[in-house]
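Here's model-v1.cif, which has mmCIF, C-alpha atoms:
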data_work
#
loop_
_atom_site.label_atom_id
_atom_site.label_comp_id
_atom_site.auth_asym_id
_atom_site.auth_seq_id
_atom_site.Cartn_x
_atom_site.Cartn_y
_atom_site.Cartn_z
CA MET H 1 0.00 0.00 0.00
CA PRO H 2 1.48 3.36 -0.99
CA GLU H 3 2.44 5.77 1.77
CA GLY H 4 -0.36 8.10 2.86
CA PHE H 5 -3.18 5.66 2.14
CA ILE H 6 -5.00 3.58 4.68
CA GLU H 7 -6.88 0.37 3.98
CA GLU H 8 -10.37 1.96 4.06
CA ASP H 9 -9.53 4.72 1.54
CA VAL H 10 -11.67 4.84 -1.60
CA ILE H 11 -10.25 6.54 -4.68
CA THR H 12 -11.76 7.10 -8.10
CA ILE H 13 -9.44 6.96 -11.09
CA THR H 14 -10.24 8.14 -14.60
CA GLY H 15 -8.05 8.03 -17.64
CA LYS H 16 -6.76 5.73 -20.32
CA THR H 17 -7.32 2.02 -19.76
CA LYS H 18 -3.61 1.17 -19.84
CA SER H 19 -2.81 3.86 -17.26
CA ILE H 20 -5.62 2.74 -14.98
CA GLU H 21 -4.50 -0.90 -15.16
CA GLU H 22 -0.94 0.12 -14.25
CA CYS H 23 -2.21 2.18 -11.33
CA ILE H 24 -4.32 -0.71 -10.05
CA LYS H 25 -1.29 -3.02 -10.05
CA ASN H 26 0.54 -0.55 -7.80
CA VAL H 27 -2.27 0.53 -5.50
CA ALA H 28 -5.08 -1.92 -4.78
CA PHE H 29 -7.99 -3.71 -6.43
CA ILE H 30 -11.07 -2.81 -8.47
CA LYS H 31 -14.48 -2.70 -6.85
CA ASN H 32 -17.22 -2.36 -9.44
CA VAL H 33 -20.00 -0.19 -8.10
CA GLY H 34 -23.58 -0.69 -9.29
CA GLU H 35 -25.01 -2.61 -12.17
CA SER H 36 -26.23 -1.50 -15.53
CA SER H 37 -29.98 -1.44 -16.13
CA ASP H 38 -31.67 -3.55 -18.76
CA ILE H 39 -33.70 -0.77 -20.39
CA PRO H 40 -35.49 -2.97 -22.98
CA ALA H 41 -36.72 -5.29 -20.20
CA ILE H 42 -37.95 -2.33 -18.18
CA MET H 43 -39.81 -0.85 -21.16
CA LEU H 44 -41.33 -4.22 -22.06
CA SER H 45 -42.51 -4.80 -18.50
CA ILE H 46 -44.15 -1.36 -18.41
CA ALA H 47 -45.93 -2.07 -21.70
CA VAL H 48 -47.13 -5.48 -20.47
CA ALA H 49 -48.35 -3.97 -17.18
CA ILE H 50 -50.34 -1.29 -19.02
CA ALA H 51 -51.83 -3.87 -21.42
CA LEU H 52 -52.85 -6.20 -18.59
CA GLY H 53 -54.23 -3.33 -16.55
CA MET H 54 -56.60 -2.35 -19.35
CA ILE H 55 -58.19 -5.81 -19.57
CA LYS H 56 -61.65 -5.91 -18.01
CA ILE H 57 -63.38 -9.12 -16.98
CA PRO H 58 -66.76 -9.29 -18.76
CA GLY H 59 -69.78 -9.49 -16.49
CA LEU H 60 -67.88 -8.48 -13.36
CA GLY H 61 -66.94 -4.93 -14.23
CA VAL H 62 -63.68 -5.40 -12.35
CA SER H 63 -60.09 -5.02 -13.53
CA LEU H 64 -56.74 -5.07 -11.80
CA GLY H 65 -55.77 -1.62 -13.06
CA THR H 66 -52.43 -0.47 -14.37
CA SER H 67 -50.93 0.26 -10.94
CA CYS H 68 -51.67 -3.22 -9.62
CA CYS H 69 -50.37 -4.83 -12.79
CA ALA H 70 -47.23 -2.68 -12.68
CA LEU H 71 -46.61 -3.92 -9.13
CA ILE H 72 -47.13 -7.57 -10.11
CA ILE H 73 -44.98 -7.33 -13.26
CA GLY H 74 -42.28 -5.46 -11.29
CA MET H 75 -42.11 -8.27 -8.75
CA ILE H 76 -41.92 -10.90 -11.48
CA VAL H 77 -39.17 -9.06 -13.38
CA GLY H 78 -37.31 -8.44 -10.12
CA LEU H 79 -37.08 -12.18 -9.49
CA CYS H 80 -35.45 -12.85 -12.85
#
This entry written out as structure tokens:
Amino acid sequence: MPEGFIEEDVITITGKTKSIEECIKNVAFIKNVGESSDIPAIMLSIAVAIALGMIKIPGLGVSLGTSCCALIIGMIVGLC
């Protein structure tokens, strides 16, 4: 560990890939923060939730509604 740093220090490095890799060899390790979002899956789940929410059961006059369907679809997509 270079002088002046302690084990709990967090640093952010930007620059060319080769320079960053060289710096990592000398300093510490990489911790990837966060995950990328799957935008097409999110858009598709919103569209499915809206479509399901608009379906009405004949004779009952009852539907789940878009908010309820969005909740259900969100839980299903979250499990995948």
Separation of atom CA of H:Cys23 from atom CA of H:Glu7 in Å:
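The value is 16.1 Å.
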To one decimal in Å, tell me the separation between atom CA of H:Ala41 and atom CA of H:Thr66.
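Interatomic distance here is 17.4 Å.
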Residues matched by the PyMOL selection byres ((chain H and resi 67-74) around 12) as a ChimeraX atom specification:
/H:41-55,63-66,75-80
Rounded to one decimal in Å, what is the spacing between atom CA of H:Lys16 and atom CA of H:Ser37?
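Taking atom CA of H:Lys16 as the start and atom CA of H:Ser37 as the end point, the length is 24.7 Å.
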Choose the residue, out of H:Lys56, H:Asp38, H:Ile11, H:Val62, that has the smallest atom-to-atom separation from H:Ile24; count all atoms listed in the file.
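Once distances to H:Ile24 are computed over all atoms listed in the file, the minimum belongs to H:Ile11.
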Restricting the calculation to only C-alpha atoms: of H:Leu60, H:Val10, H:Ile39, H:Gly15, which residue gets closest to H:Val27?
H:Val10
